[in-house]
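Undergrad: Input file: run11.json. Contents: JSON, C-alpha atoms.
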```
[["chain", "number", "residue", "atom", "x", "y", "z"],
["A", 1, "MET", "CA", 116.85, 90.89, 99.65],
["A", 2, "ILE", "CA", 114.16, 88.38, 98.66],
["A", 3, "PRO", "CA", 112.07, 86.76, 101.41],
["A", 4, "ALA", "CA", 112.32, 83.04, 102.10],
["A", 5, "THR", "CA", 109.63, 80.90, 100.47],
["A", 6, "PHE", "CA", 106.28, 80.75, 102.26],
["A", 7, "ASP", "CA", 102.71, 79.65, 101.61],
["A", 8, "TYR", "CA", 100.08, 82.36, 101.29],
["A", 9, "LEU", "CA", 96.51, 82.26, 102.60],
["A", 10, "ALA", "CA", 93.82, 84.94, 102.18],
["A", 11, "PRO", "CA", 90.79, 84.01, 104.31],
["A", 12, "THR", "CA", 87.55, 85.96, 103.89],
["A", 13, "SER", "CA", 86.26, 85.68, 107.47],
["A", 14, "VAL", "CA", 87.62, 86.03, 110.97],
["A", 15, "ALA", "CA", 86.64, 82.42, 111.71],
["A", 16, "ASP", "CA", 88.65, 81.15, 108.73],
["A", 17, "ALA", "CA", 91.65, 83.27, 109.71],
["A", 18, "ILE", "CA", 91.63, 81.89, 113.25],
["A", 19, "ALA", "CA", 91.25, 78.36, 111.92],
["A", 20, "ALA", "CA", 94.32, 78.91, 109.77],
["A", 21, "LEU", "CA", 96.24, 80.18, 112.81],
["A", 22, "GLU", "CA", 95.20, 77.09, 114.75],
["A", 23, "GLU", "CA", 96.29, 74.82, 111.92],
["A", 24, "HIS", "CA", 99.70, 76.36, 111.29],
["A", 25, "GLY", "CA", 100.64, 77.55, 114.79],
["A", 26, "ASP", "CA", 104.13, 79.01, 115.14],
["A", 27, "GLU", "CA", 104.74, 78.63, 111.40],
["A", 28, "ALA", "CA", 102.17, 81.37, 110.62],
["A", 29, "LYS", "CA", 102.50, 85.14, 110.49],
["A", 30, "VAL", "CA", 99.53, 87.50, 110.11],
["A", 31, "LEU", "CA", 99.70, 90.16, 107.39],
["A", 32, "ALA", "CA", 97.66, 93.33, 107.97],
["A", 33, "GLY", "CA", 98.90, 96.38, 106.03],
["A", 34, "GLY", "CA", 102.37, 94.84, 105.81],
["A", 35, "GLN", "CA", 104.30, 98.03, 106.51],
["A", 36, "SER", "CA", 106.18, 96.38, 109.38],
["A", 37, "LEU", "CA", 106.07, 92.70, 108.39],
["A", 38, "LEU", "CA", 107.24, 92.96, 104.78],
["A", 39, "PRO", "CA", 110.58, 94.67, 105.56],
["A", 40, "ILE", "CA", 111.22, 92.00, 108.20],
["A", 41, "LEU", "CA", 110.51, 89.27, 105.66],
["A", 42, "ARG", "CA", 112.70, 90.91, 103.02],
["A", 43, "MET", "CA", 115.62, 91.10, 105.45],
["A", 44, "ARG", "CA", 114.93, 87.48, 106.49],
["A", 45, "LEU", "CA", 114.71, 88.47, 110.13],
["A", 46, "ASN", "CA", 111.71, 86.13, 110.19],
["A", 47, "ALA", "CA", 110.92, 83.26, 107.86],
["A", 48, "PRO", "CA", 107.36, 82.00, 108.43],
["A", 49, "GLY", "CA", 106.08, 78.94, 106.62],
["A", 50, "VAL", "CA", 102.68, 80.55, 106.07],
["A", 51, "VAL", "CA", 101.54, 84.17, 105.72],
["A", 52, "ILE", "CA", 97.85, 84.78, 106.49],
["A", 53, "ASP", "CA", 96.64, 87.93, 104.75],
["A", 54, "LEU", "CA", 93.65, 89.62, 106.45],
["A", 55, "GLY", "CA", 93.04, 92.06, 103.60],
["A", 56, "LYS", "CA", 89.98, 90.25, 102.23],
["A", 57, "ILE", "CA", 88.05, 90.17, 105.53],
["A", 58, "SER", "CA", 85.51, 92.94, 105.04],
["A", 59, "GLU", "CA", 84.15, 92.69, 108.59],
["A", 60, "LEU", "CA", 87.49, 94.02, 109.86],
["A", 61, "GLN", "CA", 87.26, 97.24, 107.86],
["A", 62, "GLY", "CA", 85.52, 100.57, 108.46],
["A", 63, "VAL", "CA", 84.42, 103.00, 111.14],
["A", 64, "THR", "CA", 80.96, 102.89, 112.74],
["A", 65, "GLU", "CA", 79.26, 104.45, 115.76],
["A", 66, "ASP", "CA", 77.81, 102.40, 118.60],
["A", 67, "GLY", "CA", 76.20, 104.68, 121.17],
["A", 68, "ASP", "CA", 78.98, 106.46, 123.06],
["A", 69, "ASP", "CA", 81.74, 104.58, 121.22],
["A", 70, "LEU", "CA", 83.39, 104.67, 117.85],
["A", 71, "VAL", "CA", 84.10, 101.17, 116.53],
["A", 72, "ILE", "CA", 87.09, 100.93, 114.20],
["A", 73, "GLY", "CA", 87.80, 97.67, 112.38],
["A", 74, "ALA", "CA", 91.35, 96.45, 112.92],
["A", 75, "MET", "CA", 92.03, 96.37, 109.15],
["A", 76, "THR", "CA", 90.90, 99.96, 108.60],
["A", 77, "THR", "CA", 93.71, 101.87, 106.91],
["A", 78, "TYR", "CA", 95.17, 105.06, 108.28],
["A", 79, "PHE", "CA", 93.77, 106.83, 105.21],
["A", 80, "ASP", "CA", 90.23, 105.66, 105.95],
["A", 81, "VAL", "CA", 90.51, 106.69, 109.60],
["A", 82, "LEU", "CA", 91.63, 110.16, 108.48],
["A", 83, "ALA", "CA", 88.74, 110.33, 106.00],
["A", 84, "SER", "CA", 86.16, 109.49, 108.69],
["A", 85, "ASP", "CA", 84.04, 112.45, 109.81],
["A", 86, "ALA", "CA", 83.09, 110.44, 112.91],
["A", 87, "VAL", "CA", 86.73, 110.14, 113.98],
["A", 88, "SER", "CA", 87.53, 113.81, 113.37],
["A", 89, "THR", "CA", 84.39, 114.83, 115.31],
["A", 90, "HIS", "CA", 84.46, 112.38, 118.22],
["A", 91, "ALA", "CA", 88.13, 111.33, 118.49],
["A", 92, "ALA", "CA", 90.10, 114.25, 117.11],
["A", 93, "LEU", "CA", 93.25, 113.14, 118.93],
["A", 94, "LEU", "CA", 93.40, 109.94, 116.90],
["A", 95, "ASN", "CA", 92.90, 111.89, 113.69],
["A", 96, "LYS", "CA", 95.71, 114.33, 114.50],
["A", 97, "ALA", "CA", 98.14, 111.58, 115.48],
["A", 98, "ILE", "CA", 97.53, 109.47, 112.38],
["A", 99, "ALA", "CA", 98.01, 112.52, 110.16],
["A", 100, "THR", "CA", 101.67, 112.50, 111.27],
["A", 101, "VAL", "CA", 102.31, 108.86, 110.33],
["A", 102, "ALA", "CA", 104.90, 108.50, 107.55],
["A", 103, "ASP", "CA", 103.60, 109.63, 104.14],
["A", 104, "PRO", "CA", 100.38, 109.26, 102.07],
["A", 105, "GLN", "CA", 101.59, 106.04, 100.43],
["A", 106, "ILE", "CA", 102.14, 104.37, 103.80],
["A", 107, "ARG", "CA", 98.84, 105.73, 105.15],
["A", 108, "HIS", "CA", 96.97, 104.15, 102.23],
["A", 109, "ARG", "CA", 98.40, 100.72, 103.08],
["A", 110, "GLY", "CA", 99.09, 100.68, 106.81],
["A", 111, "THR", "CA", 96.28, 99.66, 109.18],
["A", 112, "ILE", "CA", 95.43, 100.88, 112.64],
["A", 113, "GLY", "CA", 95.08, 97.36, 114.01],
["A", 114, "GLY", "CA", 98.35, 96.23, 112.51],
["A", 115, "ALA", "CA", 100.16, 99.13, 114.16],
["A", 116, "LEU", "CA", 98.56, 98.48, 117.54],
["A", 117, "VAL", "CA", 99.38, 94.77, 117.57],
["A", 118, "HIS", "CA", 102.93, 95.41, 116.33],
["A", 119, "ALA", "CA", 103.24, 97.67, 119.40],
["A", 120, "ASP", "CA", 106.36, 99.57, 118.42],
["A", 121, "PRO", "CA", 106.86, 102.05, 121.29],
["A", 122, "ALA", "CA", 107.84, 104.70, 118.71],
["A", 123, "GLY", "CA", 104.59, 104.20, 116.77],
["A", 124, "ASP", "CA", 102.08, 107.04, 116.77],
["A", 125, "VAL", "CA", 98.81, 105.16, 117.40],
["A", 126, "GLY", "CA", 99.32, 103.57, 120.82],
["A", 127, "ALA", "CA", 99.60, 106.75, 122.92],
["A", 128, "PRO", "CA", 96.40, 108.35, 121.51],
["A", 129, "ALA", "CA", 94.49, 105.09, 121.93],
["A", 130, "LEU", "CA", 95.70, 104.90, 125.53],
["A", 131, "ALA", "CA", 94.87, 108.55, 126.24],
["A", 132, "LEU", "CA", 91.37, 108.15, 124.78],
["A", 133, "GLY", "CA", 90.67, 105.10, 126.95],
["A", 134, "ALA", "CA", 90.18, 102.77, 124.01],
["A", 135, "SER", "CA", 89.38, 99.10, 124.42],
["A", 136, "PHE", "CA", 90.34, 96.24, 122.13],
["A", 137, "VAL", "CA", 88.14, 93.36, 120.99],
["A", 138, "ILE", "CA", 90.12, 90.15, 120.48],
["A", 139, "ALA", "CA", 88.73, 87.05, 118.78],
["A", 140, "GLY", "CA", 89.96, 83.54, 119.50],
["A", 141, "PRO", "CA", 89.22, 79.91, 118.68],
["A", 142, "GLY", "CA", 85.65, 78.65, 118.80],
["A", 143, "GLY", "CA", 84.13, 82.08, 118.22],
["A", 144, "ALA", "CA", 85.23, 83.35, 121.63],
["A", 145, "THR", "CA", 85.83, 87.08, 122.05],
["A", 146, "ARG", "CA", 87.17, 89.19, 124.86],
["A", 147, "THR", "CA", 87.64, 92.91, 125.39],
["A", 148, "VAL", "CA", 90.85, 94.32, 126.85],
["A", 149, "ALA", "CA", 91.21, 97.88, 128.14],
["A", 150, "ALA", "CA", 94.03, 99.97, 126.70],
["A", 151, "ASP", "CA", 95.75, 100.06, 130.11],
["A", 152, "ASP", "CA", 96.14, 96.27, 129.91],
["A", 153, "PHE", "CA", 96.68, 95.84, 126.17],
["A", 154, "PHE", "CA", 100.32, 96.92, 125.83],
["A", 155, "GLU", "CA", 102.36, 94.44, 127.85],
["A", 156, "ASP", "CA", 106.01, 95.02, 126.86],
["A", 157, "LEU", "CA", 108.23, 95.85, 123.91],
["A", 158, "PHE", "CA", 106.39, 94.57, 120.79],
["A", 159, "GLN", "CA", 104.09, 92.53, 123.05],
["A", 160, "THR", "CA", 100.34, 92.93, 123.53],
["A", 161, "ALA", "CA", 97.46, 91.04, 125.07],
["A", 162, "VAL", "CA", 96.72, 89.36, 121.72],
["A", 163, "GLY", "CA", 97.72, 85.76, 122.32],
["A", 164, "GLU", "CA", 98.66, 82.85, 120.10],
["A", 165, "GLY", "CA", 95.80, 81.91, 117.79],
["A", 166, "GLU", "CA", 93.99, 85.21, 118.40],
["A", 167, "LEU", "CA", 93.25, 88.28, 116.28],
["A", 168, "LEU", "CA", 92.51, 91.88, 117.13],
["A", 169, "THR", "CA", 89.20, 92.63, 115.41],
["A", 170, "GLN", "CA", 87.98, 96.02, 116.72],
["A", 171, "ILE", "CA", 89.17, 99.14, 118.47],
["A", 172, "ARG", "CA", 86.41, 100.79, 120.50],
["A", 173, "VAL", "CA", 87.06, 104.45, 121.29],
["A", 174, "PRO", "CA", 84.86, 106.39, 123.73],
["A", 175, "LYS", "CA", 83.61, 109.57, 122.11],
["A", 176, "HIS", "CA", 85.38, 112.75, 123.18],
["A", 177, "THR", "CA", 83.07, 115.10, 121.36],
["A", 178, "GLY", "CA", 84.02, 118.75, 121.76],
["A", 179, "TRP", "CA", 87.43, 118.02, 123.28],
["A", 180, "GLY", "CA", 90.41, 119.89, 121.89],
["A", 181, "ALA", "CA", 93.28, 117.70, 120.74],
["A", 182, "HIS", "CA", 96.86, 117.89, 119.58],
["A", 183, "TYR", "CA", 99.68, 115.45, 118.79],
["A", 184, "GLU", "CA", 103.14, 116.95, 119.19],
["A", 185, "LYS", "CA", 105.79, 114.79, 117.52],
["A", 186, "PHE", "CA", 109.52, 115.43, 117.48],
["A", 187, "VAL", "CA", 111.61, 114.01, 114.63],
["A", 188, "ARG", "CA", 114.92, 114.95, 113.03],
["A", 189, "VAL", "CA", 113.85, 114.17, 109.46],
["A", 190, "SER", "CA", 110.45, 114.00, 107.80],
["A", 191, "HIS", "CA", 108.52, 110.72, 108.09],
["A", 192, "GLN", "CA", 110.76, 109.38, 110.86],
["A", 193, "TRP", "CA", 109.48, 107.32, 113.75],
["A", 194, "SER", "CA", 108.80, 109.52, 116.79],
["A", 195, "ILE", "CA", 111.84, 110.34, 118.87],
["A", 196, "VAL", "CA", 109.23, 111.51, 121.38],
["A", 197, "GLY", "CA", 105.53, 112.10, 120.79],
["A", 198, "ILE", "CA", 102.84, 113.56, 123.06],
["A", 199, "ALA", "CA", 99.13, 112.92, 122.62],
["A", 200, "ALA", "CA", 96.96, 115.43, 124.49],
["A", 201, "THR", "CA", 93.21, 115.94, 124.53],
["A", 202, "VAL", "CA", 91.51, 118.53, 126.73],
["A", 203, "ARG", "CA", 87.98, 119.50, 127.70],
["A", 204, "SER", "CA", 87.81, 123.16, 128.66],
["A", 205, "GLU", "CA", 85.20, 125.08, 130.64],
["A", 206, "GLY", "CA", 85.27, 128.82, 131.19],
["A", 207, "GLY", "CA", 88.89, 129.20, 130.18],
["A", 208, "ALA", "CA", 90.08, 126.46, 132.51],
["A", 209, "ILE", "CA", 90.96, 122.80, 131.92],
["A", 210, "ALA", "CA", 88.12, 120.63, 133.18],
["A", 211, "GLU", "CA", 89.56, 117.28, 132.04],
["A", 212, "ALA", "CA", 92.78, 116.21, 130.33],
["A", 213, "ARG", "CA", 94.23, 113.03, 128.88],
["A", 214, "VAL", "CA", 97.91, 112.72, 128.01],
["A", 215, "GLY", "CA", 99.70, 109.80, 126.32],
["A", 216, "LEU", "CA", 103.45, 109.43, 125.75],
["A", 217, "THR", "CA", 105.13, 107.91, 122.69],
["A", 218, "ASN", "CA", 108.62, 106.34, 122.89],
["A", 219, "MET", "CA", 109.10, 107.09, 126.57],
["A", 220, "GLY", "CA", 109.34, 103.44, 127.58],
["A", 221, "SER", "CA", 108.88, 99.93, 126.22],
["A", 222, "THR", "CA", 105.15, 100.61, 125.74],
["A", 223, "PRO", "CA", 102.97, 103.68, 125.26],
["A", 224, "LEU", "CA", 102.43, 105.43, 128.58],
["A", 225, "ARG", "CA", 99.65, 107.45, 130.18],
["A", 226, "ALA", "CA", 100.66, 110.51, 132.24],
["A", 227, "LYS", "CA", 97.92, 110.25, 134.85],
["A", 228, "ALA", "CA", 99.63, 112.45, 137.45],
["A", 229, "VAL", "CA", 99.93, 115.22, 134.86],
["A", 230, "GLU", "CA", 96.28, 114.78, 133.90],
["A", 231, "GLU", "CA", 95.26, 115.29, 137.51],
["A", 232, "ALA", "CA", 97.58, 118.31, 137.90],
["A", 233, "LEU", "CA", 96.04, 119.97, 134.86],
["A", 234, "VAL", "CA", 92.44, 119.82, 136.11],
["A", 235, "GLY", "CA", 91.22, 123.26, 137.14],
["A", 236, "GLN", "CA", 94.25, 125.06, 135.74],
["A", 237, "PRO", "CA", 93.85, 128.03, 133.40],
["A", 238, "ALA", "CA", 95.08, 127.38, 129.86],
["A", 239, "THR", "CA", 98.10, 129.65, 130.26],
["A", 240, "ASP", "CA", 101.73, 128.94, 129.57],
["A", 241, "GLU", "CA", 102.73, 129.44, 133.20],
["A", 242, "ALA", "CA", 100.04, 127.20, 134.67],
["A", 243, "VAL", "CA", 100.48, 124.41, 132.14],
["A", 244, "ARG", "CA", 104.27, 124.54, 132.41],
["A", 245, "ALA", "CA", 104.02, 123.94, 136.16],
["A", 246, "ALA", "CA", 101.43, 121.16, 135.80],
["A", 247, "VAL", "CA", 103.45, 119.14, 133.26],
["A", 248, "ALA", "CA", 106.90, 119.65, 134.81],
["A", 249, "GLN", "CA", 107.03, 116.08, 136.17],
["A", 250, "VAL", "CA", 105.68, 114.34, 133.06],
["A", 251, "ALA", "CA", 108.88, 112.30, 132.60],
["A", 252, "ASP", "CA", 108.89, 110.98, 136.18],
["A", 253, "GLY", "CA", 108.72, 107.19, 136.21],
["A", 254, "THR", "CA", 109.41, 106.86, 132.48],
["A", 255, "ASN", "CA", 112.25, 104.84, 130.98],
["A", 256, "PRO", "CA", 112.92, 106.17, 127.49],
["A", 257, "PRO", "CA", 115.58, 104.52, 125.33],
["A", 258, "SER", "CA", 119.01, 105.88, 124.52],
["A", 259, "ASP", "CA", 120.02, 105.58, 120.86],
["A", 260, "LEU", "CA", 121.50, 107.56, 117.99],
["A", 261, "ASN", "CA", 118.58, 110.00, 118.11],
["A", 262, "GLY", "CA", 119.24, 110.97, 121.71],
["A", 263, "ASP", "CA", 119.83, 109.59, 125.16],
["A", 264, "SER", "CA", 117.26, 108.98, 127.86],
["A", 265, "ASP", "CA", 117.74, 112.33, 129.60],
["A", 266, "TYR", "CA", 117.35, 114.18, 126.31],
["A", 267, "ARG", "CA", 114.03, 112.44, 125.70],
["A", 268, "LYS", "CA", 112.85, 113.28, 129.22],
["A", 269, "HIS", "CA", 113.58, 116.95, 128.57],
["A", 270, "LEU", "CA", 111.80, 116.75, 125.21],
["A", 271, "ALA", "CA", 108.75, 115.17, 126.82],
["A", 272, "THR", "CA", 108.39, 118.11, 129.22],
["A", 273, "VAL", "CA", 108.65, 120.69, 126.44],
["A", 274, "LEU", "CA", 106.37, 118.82, 124.03],
["A", 275, "THR", "CA", 103.71, 118.11, 126.65],
["A", 276, "ARG", "CA", 103.41, 121.81, 127.44],
["A", 277, "ARG", "CA", 103.04, 122.59, 123.74],
["A", 278, "ALA", "CA", 100.55, 119.79, 123.14],
["A", 279, "VAL", "CA", 98.33, 120.69, 126.09],
["A", 280, "LEU", "CA", 98.29, 124.40, 125.23],
["A", 281, "ALA", "CA", 97.44, 123.62, 121.60],
["A", 282, "ALA", "CA", 94.69, 121.18, 122.65],
["A", 283, "ALA", "CA", 93.25, 123.83, 124.99],
["A", 284, "GLY", "CA", 93.26, 126.37, 122.18],
["A", 285, "ALA", "CA", 95.76, 128.61, 123.92]]
```
Can you dump the structure from the file as structure tokens?
TA:
Amino acid sequence: MIPATFDYLAPTSVADAIAALEEHGDEAKVLAGGQSLLPILRMRLNAPGVVIDLGKISELQGVTEDGDDLVIGAMTTYFDVLASDAVSTHAALLNKAIATVADPQIRHRGTIGGALVHADPAGDVGAPALALGASFVIAGPGGATRTVAADDFFEDLFQTAVGEGELLTQIRVPKHTGWGAHYEKFVRVSHQWSIVGIAATVRSEGGAIAEARVGLTNMGSTPLRAKAVEEALVGQPATDEAVRAAVAQVADGTNPPSDLNGDSDYRKHLATVLTRRAVLAAAGA
């Protein structure tokens, strides 16, 4: 199907993009990598009057280091995140999760910021960002900026803290240098959205788990953090028996969907199995 007619704008600065959003209001849609928006336009599930393409805003692209944080521009592609030595060294969990996203063609076009703002609960970026304690820099009218912690960023299904007339500009990820990491993703066919995904990163000392962070994909309307499991893992040896016991309640309090890929109880069972695998792999066991 062919999209409905729309006007196209390609600003070269964040200020110009926000001005365009102010001018066109509800008629405007923002285009990042386009991997989610373009299918929607083609099926005419949305028919904006104006599409604002962020692809020419260089300040939104790239990975840099700022003290104890990695700073990732919202328009940085999956491919460029994977190619970053800084990400693989200091945020290995993000690297491993993005490596599972779709296929190389999609990873060359899709952007990390676009995925985060789209906030599909089956997407593979939200749970690692949550587990790593990322924060999100949001720009608004008049040059105003604000920073939102990952715990407060994902508000509901396809809803984030990015408001009308605002843009996500940066993702700041605290460095987890030396932490083991693994992303365990269950799908029925290659390149599918996660039926369930588990993001785990672990700092080990003397054969035991000193710290752990665990994020859950597609176990509710937003990415989730398994804080009770994280606490239960601390001090445990990286053995199958100990980790199995610590993660047994990982699905408690979750509300996964029921669909053609499996019902809610099936996903809860999967989450328990996959969390054990992810934690053991992250701990090097």
Undergrad: Need the shell around region 124-138 of chain A: protein/DNA/RNA residues with any atom at most 6 Å away, counting all atoms listed in the file. Skip same-chain ones fewer than 6 positions apart. Format as a VMD selection string?
TA: chain A and resid 94 145 to 150 167 to 173 199 213 to 217 223
Undergrad: Quick check, in Å to one decimal: how far apart do CA of Ser88 (chain A) and CA of Asp152 (chain A) lie?
TA: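 Distance between the two atoms: 25.6 Å.
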Undergrad: When you draw a straight line from CA of Ala248 (chain A) to CA of Glu231 (chain A), how long is it in Å?
TA: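 Computing the Euclidean distance for CA of Ala248 (chain A) and CA of Glu231 (chain A) yields 12.7 Å.
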Undergrad: Which one of A:Ala15, A:Ala92, A:Ile195, A:Val189 sits closest to Ala122 (chain A) if you count all atoms listed in the file?
TA: A:Ile195
Undergrad: Rounded to one decimal, what separation in Å do you get between CA of Gln61 (chain A) and CA of Ala32 (chain A)?
TA: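 CA of Gln61 (chain A) sits 11.1 Å away from CA of Ala32 (chain A).
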Undergrad: Would you write out, as a Markdown table, a table of all residues in region 199-229 of chain A that have an atom no more than 8 Å from an atom of region 249-254 of chain A, listing for each the closest atom pair and the distance in Å to one decimal, considering only C-alpha atoms and ordering rows by chain and rising residue number?
TA:
```
| residue | atom | partner | partner_atom | distance |
| --- | --- | --- | --- | --- |
| A:Met219 | CA | A:Thr254 | CA | 5.9 |
| A:Gly220 | CA | A:Thr254 | CA | 6.0 |
| A:Ala226 | CA | A:Val250 | CA | 6.4 |
| A:Ala228 | CA | A:Val250 | CA | 7.7 |
| A:Val229 | CA | A:Val250 | CA | 6.1 |
```
Undergrad: Write to file, as a short mmCIF file (atom, residue, chain, number, x, y, z; two decimals), keeping the file's coordinate frame, the residues of the selection just made, with C-alpha atoms.
TA:
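File selection02.cif, as written:
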```cif
data_model
loop_
_atom_site.label_atom_id
_atom_site.label_comp_id
_atom_site.auth_asym_id
_atom_site.auth_seq_id
_atom_site.Cartn_x
_atom_site.Cartn_y
_atom_site.Cartn_z
CA MET A 219 109.10 107.09 126.57
CA GLY A 220 109.34 103.44 127.58
CA ALA A 226 100.66 110.51 132.24
CA ALA A 228 99.63 112.45 137.45
CA VAL A 229 99.93 115.22 134.86
#
```
Undergrad: Kindly compute an axis-aligned box around the listed atoms of region 262-272 of chain A, allowing 3 Å on each side, and express its centre and edge lengths in Å to one decimal as JSON.
TA:
```
{"center_x": 114.1, "center_y": 113.5, "center_z": 125.7, "size_x": 17.4, "size_y": 15.1, "size_z": 13.9}
```
Undergrad: Compute the distance from (83.6, 91.7, 106.5) to each atom, counting all atoms listed in the file, keep the residues with any atom at most 12 Å away, and return them as a PDB file with C-alpha atoms, in the coordinates of the input; use the coordinates of the file.
TA:
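Output file point20.pdb follows:
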```pdb
ATOM      1  CA  PRO A  11      90.790  84.010 104.310  1.00  0.00           C
ATOM      2  CA  THR A  12      87.550  85.960 103.890  1.00  0.00           C
ATOM      3  CA  SER A  13      86.260  85.680 107.470  1.00  0.00           C
ATOM      4  CA  VAL A  14      87.620  86.030 110.970  1.00  0.00           C
ATOM      5  CA  ALA A  15      86.640  82.420 111.710  1.00  0.00           C
ATOM      6  CA  ASP A  16      88.650  81.150 108.730  1.00  0.00           C
ATOM      7  CA  LEU A  54      93.650  89.620 106.450  1.00  0.00           C
ATOM      8  CA  GLY A  55      93.040  92.060 103.600  1.00  0.00           C
ATOM      9  CA  LYS A  56      89.980  90.250 102.230  1.00  0.00           C
ATOM     10  CA  ILE A  57      88.050  90.170 105.530  1.00  0.00           C
ATOM     11  CA  SER A  58      85.510  92.940 105.040  1.00  0.00           C
ATOM     12  CA  GLU A  59      84.150  92.690 108.590  1.00  0.00           C
ATOM     13  CA  LEU A  60      87.490  94.020 109.860  1.00  0.00           C
ATOM     14  CA  GLN A  61      87.260  97.240 107.860  1.00  0.00           C
ATOM     15  CA  GLY A  62      85.520 100.570 108.460  1.00  0.00           C
ATOM     16  CA  GLY A  73      87.800  97.670 112.380  1.00  0.00           C
ATOM     17  CA  ALA A  74      91.350  96.450 112.920  1.00  0.00           C
ATOM     18  CA  MET A  75      92.030  96.370 109.150  1.00  0.00           C
ATOM     19  CA  THR A  76      90.900  99.960 108.600  1.00  0.00           C
ATOM     20  CA  THR A 169      89.200  92.630 115.410  1.00  0.00           C
ATOM     21  CA  GLN A 170      87.980  96.020 116.720  1.00  0.00           C
TER      22      GLN A 170
END
```
Undergrad: Taking into account all atoms listed in the file, which residue in the set A:Asp156, A:Glu65, A:Asp120, A:Glu164 is nearest to Lys29 (chain A)?
TA: A:Glu164
Undergrad: Give me region 156-190 of chain A from this structure - C-alpha atoms, as a short mmCIF file (atom, residue, chain, number, x, y, z; two decimals), in the first residue's frame.
TA:
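Everything below was put into result-v2.cif:
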```
data_model
loop_
_atom_site.label_atom_id
_atom_site.label_comp_id
_atom_site.auth_asym_id
_atom_site.auth_seq_id
_atom_site.Cartn_x
_atom_site.Cartn_y
_atom_site.Cartn_z
CA ASP A 156 3.00 2.50 29.32
CA LEU A 157 2.49 0.59 26.09
CA PHE A 158 4.21 2.64 23.35
CA GLN A 159 4.36 5.61 25.74
CA THR A 160 7.45 7.31 27.17
CA ALA A 161 8.35 10.47 29.04
CA VAL A 162 9.05 12.26 25.74
CA GLY A 163 6.20 14.75 25.50
CA GLU A 164 4.58 16.68 22.68
CA GLY A 165 7.07 19.01 21.02
CA GLU A 166 10.06 17.21 22.56
CA LEU A 167 12.85 15.02 21.19
CA LEU A 168 15.07 12.40 22.76
CA THR A 169 18.62 13.55 22.04
CA GLN A 170 20.97 11.37 24.13
CA ILE A 171 21.12 8.11 26.02
CA ARG A 172 23.61 8.22 28.88
CA VAL A 173 24.75 4.79 30.07
CA PRO A 174 26.82 4.36 33.24
CA LYS A 175 29.94 2.35 32.50
CA HIS A 176 29.85 -1.27 33.61
CA THR A 177 33.45 -2.01 32.80
CA GLY A 178 34.45 -5.59 33.54
CA TRP A 179 30.89 -6.82 34.06
CA GLY A 180 29.85 -10.00 32.30
CA ALA A 181 26.74 -9.72 30.16
CA HIS A 182 24.28 -11.82 28.21
CA TYR A 183 20.98 -11.29 26.39
CA GLU A 184 18.85 -14.43 26.17
CA LYS A 185 16.09 -14.05 23.59
CA PHE A 186 13.42 -16.61 22.75
CA VAL A 187 11.83 -16.55 19.30
CA ARG A 188 10.11 -19.14 17.12
CA VAL A 189 11.60 -17.92 13.83
CA SER A 190 14.74 -15.95 13.04
#
```
